[in-house]
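Structure, as structure tokens:
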Amino acid sequence: MKRTVFLALIIAFLAIGNPSAAQNLIAGGDFEGEQAGQPPGGWEPFTPEAKPSAVVVAPGAGGSGKCLKVLPTPQRGMIAISKQLRAPQDRVLVELDFAFSPSKGRTLNLWSHEPGGRDASQWNLCIQNGKLMQFEGRSRTWRPITDRVKSTTDPSRPVWHRLRAVMDRNAEGVDYWLSEPGSRELPAEPIATMAAYRTGLAIGGIDAVCGARLAGEAWYLVDNIVVRGGAGVPAPHEPPPEPKPYQLWTGPPIPDVEKIRFVEGVEHSVVHRAIQGEYQFLHGASIVEHKDMLFANWANSLVDENSATETVRGRRSTDGGKTWSEIEVIAPGFATPECHSHAPFLSYRGELWAFAARFGIGQGRRFPGLTCEAFRLNEATDRWESQGIAITDCWPYHEPCKMDDGNWITAGQDKDGLPVVAVSHGDNLRRWDAIKVPWPPDLRPAFAETAVLPEGNEVLAVIRGGGGVAWVSTSKDFGRTWSLARKSNYPMPRAKAYLGLLSTGQRYLLSNLKDRHTLVVSVSRPRESTLCRMWRIRHGKSEPPRFPGRAKGKQWSYPYGHEYDGRLYVVYSVGKEDCGLSILPVESLKVR
């Protein structure tokens, strides 16, 4: 009680004292004088309609006093309990103790706000999946500060941490100091400087978030809060600069879509059209030439994408894609929740292979129990036969490419929808190693389909990411280790792309541009690594889907290319119901 009275006297003195003091204590509290089971005095809901779940409890610091306990609520939005500052501040230092529960989601969220604000301002802190993170304004993503935090498994014995944050309305950075778990001794220097969330705003208060942003049964404790302002608070440092975009495009500025020329001589047709009452969902087509015959395949479901009825089916053409055979089954699916899906082809040494995704039972955020099952065409019986599980935790989307070290490489996404490549054991196509591609939080991977192209010991990976651009990672050791994925300067929406090499020595990339209503091909000059010319393949909204089904819509998407007899054959989904084909003369793609 004496400590509380003393603290109150300090606050009262400073409230009427000299405002020009070097550092002013403008808020603070250790909750000792508060009533347990009730919200603390002087705190209020962040918004009038919010009903924050935050009350004073014991134990507090050291396991004997009181502290503020914050719990999730079913309410969504800006649900928090707020401590208003005595006056708006330009620069603020916040110190507090915290402890938090174990959880796979978010277990703590603290922020600052502008006077009268209805959003967080510069300081926006959370603990998510065991990492202390700041929500950055320039990337608008959660970026990790450190993983050197420890959750509390026994609520009666909190593992306390001491945190300090310094922010300024005119600064781009927020400085962070953090003690070791179980200690309150702060380091002499900041452990990190993170980019502020929103700048140019006066600081009017601090908030403890307690809405549906917190995970399920999560909780956190806060105690011994000190907020200081004034010129004596040191200015925060500048945050590290963002990495420069990878230069995937070195051509002229890309004009508006309508001004991009179509590929000269392009021909369009349909390989397969969905039939009512049969397999009415189609996606993820592949194509290859094998013994002067074109083979195309795709994932087929009765109604919905990635459903238990999904299988891999295909057709063949002996006349360069003019006509196609009857349907054949490549990967048959299952009578259980498992399914087969997209299957890139490989024609090698007189054998034709297909590598089908298989998932539906097991662990995984996006694709439970994801594996890749290899299939080979039996030339004697003309039937596809399983060769067993070839890759674990990789859904390949790209035709395997032979590398100079004798191994093959393909790429796609893993069971959680994250970027991954797979490298074979030489010519043993039944045995591959899955290798994760590291990514920063602002990649925001949802379905990070990845395409690869090797050249010597180097491999380029182009990844479906966020921010309206392709993301890129590179390897210099035949795909065994990868650089942290980063943004490129090549525009691309959230959709799978395909990367290849033409017989002219030109790299090419098949992708959507701006949205899934435009499909383009971009190429490099011969023996160069960057793209410099672009043409349209399809443009405008496709025919709308004719049948109901999850995730359908007007689109030309998920292109896949294969060169044969002087032409680049490109297959893709049309509205996620039909398999489209565009044939591009390679001569039309030359750049001199």
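Ordered as shown in the structure tokens, chains take letters A, B, and onward, while each chain numbers its residues from 1 and ligands are numbered from 1 in the order shown.
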Checklist entry - So which residues touch region 402-419 of chain A within 7 Å, counting only C-alpha atoms, skipping near sequence neighbours fewer than 2 positions away, as a count of residues only? => result 35
Contacts of region 65-81 of chain A within 8 Å, only C-alpha atoms, excl. fewer than 2 positions in-chain, as a tab-separated table (two decimals) with C-alpha atoms, in the first residue's frame:
```tsv
chain	number	residue	atom	x	y	z
A	30	ASP	CA	1.22	-1.56	-10.10
A	31	PHE	CA	-2.49	-2.35	-9.37
A	32	GLU	CA	-1.82	-2.95	-5.66
A	34	GLU	CA	-7.13	-2.01	-6.98
A	36	ALA	CA	-9.38	-7.94	-7.38
A	40	PRO	CA	-8.57	-1.16	-12.73
A	43	TRP	CA	-8.80	2.49	-17.38
A	44	GLU	CA	-11.67	2.50	-19.87
A	45	PRO	CA	-12.85	0.63	-22.99
A	46	PHE	CA	-10.99	1.57	-26.16
A	47	THR	CA	-14.31	2.16	-27.94
A	50	ALA	CA	-16.31	-2.55	-26.55
A	51	LYS	CA	-16.59	-4.89	-23.57
A	52	PRO	CA	-12.99	-5.69	-22.65
A	53	SER	CA	-12.20	-8.71	-20.51
A	54	ALA	CA	-9.47	-7.31	-18.27
A	55	VAL	CA	-9.52	-7.41	-14.48
A	56	VAL	CA	-7.14	-7.10	-11.55
A	57	VAL	CA	-5.97	-10.45	-10.16
A	58	ALA	CA	-3.35	-11.92	-7.86
A	59	PRO	CA	-0.54	-12.96	-8.05
A	60	GLY	CA	1.33	-10.01	-9.47
A	61	ALA	CA	5.02	-9.40	-9.81
A	62	GLY	CA	6.93	-11.86	-7.67
A	63	GLY	CA	3.84	-14.02	-7.23
A	83	LYS	CA	-5.09	4.04	-20.17
A	118	ARG	CA	-9.87	4.22	-33.03
A	119	ASP	CA	-6.81	2.33	-34.23
A	207	ASP	CA	-3.99	-0.24	-24.62
A	208	ALA	CA	-4.21	-3.90	-23.66
A	209	VAL	CA	-6.09	-5.83	-26.34
A	210	CYS	CA	-8.60	-8.43	-25.25
A	211	GLY	CA	-10.94	-9.20	-28.15
A	212	ALA	CA	-11.12	-12.08	-30.58
A	213	ARG	CA	-7.61	-11.19	-31.73
A	214	LEU	CA	-6.36	-13.34	-28.85
A	215	ALA	CA	-6.33	-17.10	-29.31
A	216	GLY	CA	-8.89	-19.40	-27.68
A	217	GLU	CA	-7.82	-19.93	-24.07
A	218	ALA	CA	-4.94	-17.45	-24.14
A	219	TRP	CA	-4.31	-14.90	-21.40
A	220	TYR	CA	-1.61	-12.47	-20.38
A	221	LEU	CA	-0.60	-10.43	-17.33
A	222	VAL	CA	0.65	-6.84	-17.16
A	223	ASP	CA	2.15	-5.08	-14.14
```
As a PDB file with N, CA and C atoms, in the first residue's frame, please: the residues near Val586 (chain A) (cut-off 8 Å, only C-alpha atoms, same-chain neighbours under 4 positions excluded).
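Below is the file that was written, out39.pdb:
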```
ATOM      1  N   LEU A 502      13.186 -21.676 -73.054  1.00  0.00           N
ATOM      2  CA  LEU A 502      12.903 -21.998 -74.446  1.00  0.00           C
ATOM      3  C   LEU A 502      14.150 -22.512 -75.147  1.00  0.00           C
ATOM      4  N   GLY A 566       8.635 -26.319 -82.066  1.00  0.00           N
ATOM      5  CA  GLY A 566       8.656 -24.901 -82.393  1.00  0.00           C
ATOM      6  C   GLY A 566       7.515 -24.097 -81.803  1.00  0.00           C
ATOM      7  N   ARG A 567       6.743 -24.701 -80.921  1.00  0.00           N
ATOM      8  CA  ARG A 567       5.619 -23.993 -80.322  1.00  0.00           C
ATOM      9  C   ARG A 567       5.596 -24.216 -78.806  1.00  0.00           C
ATOM     10  N   LEU A 568       5.153 -23.182 -78.110  1.00  0.00           N
ATOM     11  CA  LEU A 568       4.998 -23.276 -76.662  1.00  0.00           C
ATOM     12  C   LEU A 568       3.527 -23.557 -76.363  1.00  0.00           C
ATOM     13  N   LYS A 590      10.755 -14.278 -79.710  1.00  0.00           N
ATOM     14  CA  LYS A 590      12.180 -13.940 -79.792  1.00  0.00           C
ATOM     15  C   LYS A 590      12.398 -12.458 -79.499  1.00  0.00           C
TER      16      LYS A 590
END
```
With DSSP run on the backbone, what are the strand (DSSP E) residues within region 108-164 of chain A? I'd like them as a compact mmCIF listing (two decimals) with C-alpha atoms, in the first residue's frame.
```txt
# COMPACT_ATOMS: atom_id res chain seq x y z
CA LEU A 108 -0.56 -10.85 -25.93
CA ASN A 109 -1.32 -7.63 -27.78
CA LEU A 110 -0.41 -4.11 -26.64
CA TRP A 111 -0.50 -0.87 -28.57
CA SER A 112 -0.49 2.90 -28.33
CA HIS A 113 -3.14 5.16 -29.84
CA ALA A 120 -3.35 1.52 -32.93
CA SER A 121 -0.58 4.01 -33.60
CA GLN A 122 3.22 3.69 -33.62
CA TRP A 123 3.54 0.89 -31.06
CA ASN A 124 1.69 -2.32 -31.94
CA LEU A 125 3.14 -5.32 -30.13
CA CYS A 126 2.06 -8.94 -29.83
CA ILE A 127 3.27 -12.40 -28.92
CA GLN A 128 2.23 -14.89 -31.54
CA LYS A 131 7.55 -14.80 -30.80
CA LEU A 132 7.49 -11.16 -29.74
CA MET A 133 6.40 -9.18 -32.82
CA GLN A 134 5.71 -5.62 -34.02
CA PHE A 135 3.10 -4.83 -36.68
CA TRP A 142 3.83 -8.73 -38.15
CA ARG A 143 7.61 -8.81 -38.00
CA PRO A 144 9.46 -10.80 -35.30
CA ILE A 145 11.48 -8.93 -32.68
CA THR A 146 12.76 -11.99 -30.81
CA HIS A 161 9.62 -10.24 -18.51
CA ARG A 162 10.45 -6.52 -18.41
CA LEU A 163 9.85 -4.58 -21.62
CA ARG A 164 10.72 -1.05 -22.67
```
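The closest residue to Ala99 (chain A), picked from A:Ser503, A:Ser317, A:Ser179, A:Asn306 and counting only C-alpha atoms, is A:Ser179.
The coordinates place CA of Pro243 (chain A) at 13.0 Å from CA of Trp439 (chain A).
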Item to check | Exercise: Leu85 (chain A) partners within 12 Å, only C-alpha atoms, chain neighbours under 2 positions left out, as a ChimeraX atom specification | outcome: /A:11,15,24-28,42-44,82-83,87-90,92,94,112-116,202-207,226-229
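Considering only C-alpha atoms, the residue among A:Ala461, A:Ala495, A:Ala374, A:Leu248 positioned nearest to Thr530 (chain A) is A:Leu248.
Nearest residue to Ile287 (chain A), choosing from A:Gly561, A:Pro585, A:Gly350, A:Pro155 and counting only C-alpha atoms: A:Gly561.
If you measure from each of A:Ser573, A:Ser588, A:Thr371, A:Gln387 to Gly553 (chain A) using only C-alpha atoms, the closest one turns out to be A:Ser573.
Comparing A:Gln247, A:Ser386, A:Thr107, A:Ser347 by their smallest distance to Lys291 (chain A), the closest is A:Ser347 (using only C-alpha atoms).
Our summary of the geometry notes that CA of Arg538 (chain A) is positioned 5.0 Å from CA of Leu519 (chain A).
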Item to check | Which residue of A:Glu136, A:Asp168, A:Glu351, A:Glu185 approaches Arg376 (chain A) most closely, using only C-alpha atoms | outcome: A:Glu351
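The space separating CA of Asp515 (chain A) from CA of Ile537 (chain A) comes to 13.6 Å.
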Next on the checklist: List as a PyMOL selection string the protein and nucleic acid residues near Gly468 (chain A), meaning an atom at most 6 Å away when only C-alpha atoms are counted, but skip any in the same chain fewer than 4 places from it.
Outcome noted: chain A and resi 491-493
Give me, as CSV, the closest atom pair and its distance (Å, one decimal) for every residue of region 457-523 of chain A within a cut-off of 12 Å of region 275-285 of chain A, counting only C-alpha atoms, rows sorted by chain and rising number.
```
residue,atom,partner,partner_atom,distance
A:Ala495,CA,A:Gly284,CA,11.2
A:Lys496,CA,A:Gly284,CA,9.2
A:Ala497,CA,A:Gly284,CA,10.9
A:Tyr498,CA,A:Gly284,CA,11.3
```
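Counting only C-alpha atoms, Lys259 (chain A) has the following residues at most 12 Å away, ignoring those fewer than 6 positions along the same chain: Pro253, Met534, Trp535, Arg536 and His539 of chain A.
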